[in-house]
$ cat input-v2.cif   # mmCIF, C-alpha atoms
data_run
loop_
_atom_site.label_atom_id
_atom_site.label_comp_id
_atom_site.auth_asym_id
_atom_site.auth_seq_id
_atom_site.Cartn_x
_atom_site.Cartn_y
_atom_site.Cartn_z
CA MET L 1 0.00 0.00 0.00
CA LEU L 2 2.88 2.37 0.71
CA ASP L 3 4.07 2.04 -2.88
CA ASP L 4 0.69 3.00 -4.31
CA PRO L 5 0.38 6.82 -4.41
CA GLU L 6 -3.41 6.60 -4.09
CA MET L 7 -3.21 4.40 -0.99
CA ARG L 8 -0.08 5.82 0.66
CA LEU L 9 -1.83 8.21 3.06
CA LEU L 10 -4.32 5.56 4.12
CA ALA L 11 -1.46 3.11 4.73
CA LEU L 12 0.48 5.68 6.75
CA HIS L 13 -2.58 6.42 8.86
CA GLY L 14 -3.11 2.72 9.54
CA LEU L 15 0.55 2.26 10.48
CA TYR L 16 0.37 5.36 12.67
CA LEU L 17 -2.70 4.06 14.52
CA GLU L 18 -1.18 0.62 15.00
CA ALA L 19 2.07 2.09 16.35
CA GLU L 20 0.09 4.30 18.74
CA ARG L 21 -1.92 1.28 19.90
CA LEU L 22 1.30 -0.63 20.59
CA GLY L 23 2.84 2.33 22.42
CA GLY L 24 5.51 3.10 19.85
CA SER L 25 5.42 6.88 19.91
CA ASP L 26 8.68 7.26 17.95
CA VAL L 27 7.41 4.92 15.25
CA SER L 28 3.98 6.55 15.11
CA ARG L 29 5.54 10.00 14.80
CA HIS L 30 7.71 8.74 11.97
CA TYR L 31 4.60 7.72 10.03
CA ALA L 32 2.88 10.99 10.91
CA ALA L 33 5.88 12.99 9.67
CA ARG L 34 5.88 11.12 6.35
CA ALA L 35 2.15 11.79 5.95
CA ALA L 36 2.52 15.46 6.93
CA GLU L 37 5.18 15.92 4.24
CA LEU L 38 2.79 14.56 1.64
CA ALA L 39 -0.38 16.19 2.92
CA PRO L 40 0.00 18.89 5.62
CA GLN L 41 -3.77 19.36 5.65
CA LEU L 42 -4.17 16.02 7.50
CA GLY L 43 -4.85 17.01 11.09
CA TRP L 44 -3.62 13.79 12.70
CA ALA L 45 -0.32 13.92 10.83
CA ALA L 46 0.33 17.64 11.17
CA ASP L 47 -0.52 17.82 14.88
CA SER L 48 1.64 14.84 15.78
CA THR L 49 4.54 16.13 13.69
CA LEU L 50 4.21 19.65 15.09
CA ASP L 51 4.32 18.28 18.64
CA GLU L 52 7.44 16.28 17.83
CA LYS L 53 9.24 19.19 16.19
CA ALA L 54 8.44 21.48 19.11
CA ALA L 55 9.51 18.88 21.65
CA HIS L 56 12.88 18.55 19.89
CA GLY L 57 13.37 22.29 19.45
CA ASP L 58 13.07 22.14 15.66
CA TRP L 59 11.42 25.57 15.55
CA ASP L 60 12.14 26.18 11.87
CA GLY L 61 10.70 22.79 10.91
CA ALA L 62 7.60 23.47 12.99
CA LEU L 63 7.21 26.91 11.40
CA ARG L 64 7.49 25.39 7.91
CA LEU L 65 4.76 22.91 8.81
CA VAL L 66 2.46 25.66 10.09
CA ASP L 67 3.05 27.58 6.86
CA ALA L 68 2.29 24.46 4.81
CA GLN L 69 -0.95 23.98 6.77
CA ARG L 70 -1.93 27.55 5.95
CA LEU L 71 -1.20 27.03 2.26
CA ALA L 72 -3.18 23.78 2.33
CA LYS L 73 -6.12 25.73 3.81
CA ARG L 74 -6.05 23.64 7.01
CA SER L 75 -6.07 26.68 9.29
CA ASP L 76 -7.17 30.27 8.99
CA LYS L 77 -4.91 33.31 9.26
CA THR L 78 -5.72 33.98 12.92
CA ALA L 79 -4.90 30.43 14.00
CA THR L 80 -1.76 30.39 11.84
CA ASP L 81 -0.57 33.72 13.25
CA ARG L 82 -1.13 32.49 16.80
CA ARG L 83 0.75 29.23 16.20
CA ARG L 84 3.57 31.09 14.46
CA ALA L 85 3.79 33.59 17.34
CA VAL L 86 3.99 30.82 19.93
CA LEU L 87 6.65 28.93 17.96
CA LEU L 88 8.64 32.09 17.26
CA THR L 89 8.54 33.03 20.94
CA ALA L 90 9.80 29.57 21.90
CA LYS L 91 12.54 29.90 19.29
CA ALA L 92 13.50 33.33 20.63
CA MET L 93 13.72 32.00 24.17
CA ALA L 94 15.75 28.97 23.09
CA LEU L 95 18.25 31.12 21.17
CA ALA L 96 18.46 34.01 23.66
CA ASP L 97 21.87 32.98 25.01
CA THR L 98 23.40 31.43 21.89
CA ASP L 99 22.24 33.44 18.87
CA ARG L 100 21.02 36.89 19.86
CA PRO L 101 20.32 38.20 16.33
CA ALA L 102 18.14 35.18 15.48
CA SER L 103 16.48 35.38 18.88
CA ARG L 104 15.76 39.07 18.39
CA ALA L 105 14.30 38.52 14.90
CA ALA L 106 12.05 35.70 16.13
CA ALA L 107 10.86 37.71 19.15
CA MET L 108 10.08 40.79 17.09
CA GLU L 109 8.15 38.80 14.48
CA ALA L 110 6.21 36.98 17.22
CA ASN L 111 5.31 40.31 18.81
CA ARG L 112 4.26 41.73 15.45
CA LEU L 113 1.97 38.75 14.83
CA LEU L 114 0.43 38.74 18.31
CA PRO L 115 1.16 41.94 20.27
CA ALA L 116 -1.02 40.96 23.25
CA PHE L 117 0.78 37.62 23.77
CA VAL L 118 2.72 38.26 26.97
CA PRO L 119 5.68 35.90 26.34
CA ALA L 120 6.20 37.42 22.86
CA ALA L 121 6.01 40.96 24.22
CA VAL L 122 8.50 40.14 26.98
CA ALA L 123 10.91 38.44 24.56
CA ALA L 124 10.72 41.34 22.10
CA ALA L 125 11.17 43.94 24.84
CA LYS L 126 14.20 42.06 26.20
CA ALA L 127 15.66 42.04 22.68
CA TYR L 128 15.25 45.81 22.42
CA PHE L 129 16.71 46.31 25.90
CA GLN L 130 19.77 44.25 24.88
CA MET L 131 20.19 46.64 21.94
CA ASP L 132 19.96 49.57 24.40
CA ASP L 133 16.67 50.72 22.88
CA VAL L 134 14.69 51.14 26.07
CA ARG L 135 12.08 53.35 24.41
CA LYS L 136 10.96 50.70 21.89
CA GLY L 137 11.08 47.92 24.49
CA ALA L 138 9.01 49.98 26.92
CA LYS L 139 6.51 50.81 24.16
CA ILE L 140 5.97 47.08 23.50
CA LEU L 141 5.49 46.39 27.20
CA GLU L 142 3.06 49.28 27.59
CA ALA L 143 0.95 48.06 24.67
CA ALA L 144 0.85 44.51 26.05
CA TRP L 145 0.06 45.83 29.55
CA ARG L 146 -3.04 47.66 28.27
CA VAL L 147 -4.41 44.33 27.02
CA ASP L 148 -3.15 42.06 29.81
CA PRO L 149 -1.62 43.65 32.95
CA HIS L 150 0.67 40.70 33.64
CA PRO L 151 3.22 40.74 36.51
CA GLU L 152 6.06 39.66 34.20
CA ILE L 153 5.46 42.76 32.08
CA ALA L 154 5.52 44.99 35.17
CA ASP L 155 8.73 43.40 36.48
CA LEU L 156 10.56 43.79 33.18
CA TYR L 157 9.26 47.34 32.73
CA VAL L 158 10.48 48.61 36.09
CA HIS L 159 13.88 46.96 35.59
CA ALA L 160 14.27 48.01 31.96
CA ARG L 161 17.33 50.16 32.47
CA ALA L 162 19.96 49.44 35.06
CA GLY L 163 20.47 52.39 37.33
CA ASP L 164 17.00 53.93 36.91
CA ALA L 165 15.01 54.34 40.07
CA VAL L 166 11.93 52.14 40.03
CA GLY L 167 9.79 55.09 41.11
CA ASP L 168 10.97 57.08 38.07
CA ARG L 169 9.92 54.28 35.70
CA LEU L 170 6.45 54.10 37.23
CA HIS L 171 5.60 57.80 36.75
#

$ encode --input "input-v2.cif" --output "structure tokens"
Amino acid sequence: MLDDPEMRLLALHGLYLEAERLGGSDVSRHYAARAAELAPQLGWAADSTLDEKAAHGDWDGALRLVDAQRLAKRSDKTATDRRRAVLLTAKAMALADTDRPASRAAAMEANRLLPAFVPAAVAAAKAYFQMDDVRKGAKILEAAWRVDPHPEIADLYVHARAGDAVGDRLH
């Protein structure tokens, strides 16, 4: 069945289900990944593959899959933007200590896609603060605060610039 192009997806789904039933998560994810490459619109394949890529820190692979789902009309723009923002934020956090330019780019794109998402706003603001652009970082935090007054936003905001008095930042 795997050799027949018309039956391949059905065969992969059957193999996936059987591997899941037997508790072989690595094997089942292998079949899901093969199916997702062929047809990203298949929910079972895409969701399993996305989970695996995220669990292994393959942020670029996960982002490509989300984009393929969008092109295959599996998800609408709002859902795609949210998924992209979450994945980009995770990528920014993962790269924060090892690749600051890539981390900064991911954080800023995540914040652009979903400005009210607190982790994206915090990651983007931290990126601006690392570039010594306190004004832009504070602006991002203020915008996110208006939507969701989260304690992490407040903490980062009052400690935005070393040496500033906390009382001065709050006025």

$ resolve_selection --input "input-v2.cif" --expression "the PyMOL selection byres ((chain L and resi 82) around 12)" --output "PyMOL selection string"
chain L and resi 63+66-67+70+75-81+83-89+109-117+120

$ atom_distance --input "input-v2.cif" --atom1 "atom CA of L:Arg135" --atom2 "atom CA of L:Ser103"
19.3 Å

$ closest_residue --input "input-v2.cif" --among "L:Ala55, L:Met131, L:Ala96, L:Val118" --to "L:His150" --atoms "only C-alpha atoms"
L:Val118

$ resolve_selection --input "input-v2.cif" --expression "the PyMOL selection byres ((chain L and resi 28-40) around 10)" --output "ChimeraX atom specification"
/L:8-27,41-53,65-74

$ write_last_selection --input "input-v2.cif" --atoms "C-alpha atoms" --output "PDB file, keeping the file's coordinate frame"
ATOM      1  CA  ARG L   8      -0.080   5.820   0.660  1.00  0.00           C
ATOM      2  CA  LEU L   9      -1.830   8.210   3.060  1.00  0.00           C
ATOM      3  CA  LEU L  10      -4.320   5.560   4.120  1.00  0.00           C
ATOM      4  CA  ALA L  11      -1.460   3.110   4.730  1.00  0.00           C
ATOM      5  CA  LEU L  12       0.480   5.680   6.750  1.00  0.00           C
ATOM      6  CA  HIS L  13      -2.580   6.420   8.860  1.00  0.00           C
ATOM      7  CA  GLY L  14      -3.110   2.720   9.540  1.00  0.00           C
ATOM      8  CA  LEU L  15       0.550   2.260  10.480  1.00  0.00           C
ATOM      9  CA  TYR L  16       0.370   5.360  12.670  1.00  0.00           C
ATOM     10  CA  LEU L  17      -2.700   4.060  14.520  1.00  0.00           C
ATOM     11  CA  GLU L  18      -1.180   0.620  15.000  1.00  0.00           C
ATOM     12  CA  ALA L  19       2.070   2.090  16.350  1.00  0.00           C
ATOM     13  CA  GLU L  20       0.090   4.300  18.740  1.00  0.00           C
ATOM     14  CA  ARG L  21      -1.920   1.280  19.900  1.00  0.00           C
ATOM     15  CA  LEU L  22       1.300  -0.630  20.590  1.00  0.00           C
ATOM     16  CA  GLY L  23       2.840   2.330  22.420  1.00  0.00           C
ATOM     17  CA  GLY L  24       5.510   3.100  19.850  1.00  0.00           C
ATOM     18  CA  SER L  25       5.420   6.880  19.910  1.00  0.00           C
ATOM     19  CA  ASP L  26       8.680   7.260  17.950  1.00  0.00           C
ATOM     20  CA  VAL L  27       7.410   4.920  15.250  1.00  0.00           C
ATOM     21  CA  GLN L  41      -3.770  19.360   5.650  1.00  0.00           C
ATOM     22  CA  LEU L  42      -4.170  16.020   7.500  1.00  0.00           C
ATOM     23  CA  GLY L  43      -4.850  17.010  11.090  1.00  0.00           C
ATOM     24  CA  TRP L  44      -3.620  13.790  12.700  1.00  0.00           C
ATOM     25  CA  ALA L  45      -0.320  13.920  10.830  1.00  0.00           C
ATOM     26  CA  ALA L  46       0.330  17.640  11.170  1.00  0.00           C
ATOM     27  CA  ASP L  47      -0.520  17.820  14.880  1.00  0.00           C
ATOM     28  CA  SER L  48       1.640  14.840  15.780  1.00  0.00           C
ATOM     29  CA  THR L  49       4.540  16.130  13.690  1.00  0.00           C
ATOM     30  CA  LEU L  50       4.210  19.650  15.090  1.00  0.00           C
ATOM     31  CA  ASP L  51       4.320  18.280  18.640  1.00  0.00           C
ATOM     32  CA  GLU L  52       7.440  16.280  17.830  1.00  0.00           C
ATOM     33  CA  LYS L  53       9.240  19.190  16.190  1.00  0.00           C
ATOM     34  CA  LEU L  65       4.760  22.910   8.810  1.00  0.00           C
ATOM     35  CA  VAL L  66       2.460  25.660  10.090  1.00  0.00           C
ATOM     36  CA  ASP L  67       3.050  27.580   6.860  1.00  0.00           C
ATOM     37  CA  ALA L  68       2.290  24.460   4.810  1.00  0.00           C
ATOM     38  CA  GLN L  69      -0.950  23.980   6.770  1.00  0.00           C
ATOM     39  CA  ARG L  70      -1.930  27.550   5.950  1.00  0.00           C
ATOM     40  CA  LEU L  71      -1.200  27.030   2.260  1.00  0.00           C
ATOM     41  CA  ALA L  72      -3.180  23.780   2.330  1.00  0.00           C
ATOM     42  CA  LYS L  73      -6.120  25.730   3.810  1.00  0.00           C
ATOM     43  CA  ARG L  74      -6.050  23.640   7.010  1.00  0.00           C
TER      44      ARG L  74
END

$ resolve_selection --input "input-v2.cif" --expression "the PyMOL selection byres ((chain L and resi 102) around 12)" --output "ChimeraX atom specification"
/L:59-60,88-101,103-109,124,127

$ closest_residue --input "input-v2.cif" --among "L:Ala160, L:Asp148, L:Ile153, L:Asp58" --to "L:Asp133" --atoms "only C-alpha atoms"
L:Ala160

$ atom_distance --input "input-v2.cif" --atom1 "atom CA of L:His159" --atom2 "atom CA of L:Ala138"
10.4 Å

$ atom_distance --input "input-v2.cif" --atom1 "atom CA of L:Pro119" --atom2 "atom CA of L:His56"
19.9 Å

$ axis_aligned_box --input "input-v2.cif" --around "stretch 19-35 of chain L" --padding-each-side "4 Å" --output "JSON"
{"center_x": 3.4, "center_y": 6.2, "center_z": 14.2, "size_x": 18.6, "size_y": 21.6, "size_z": 24.5}
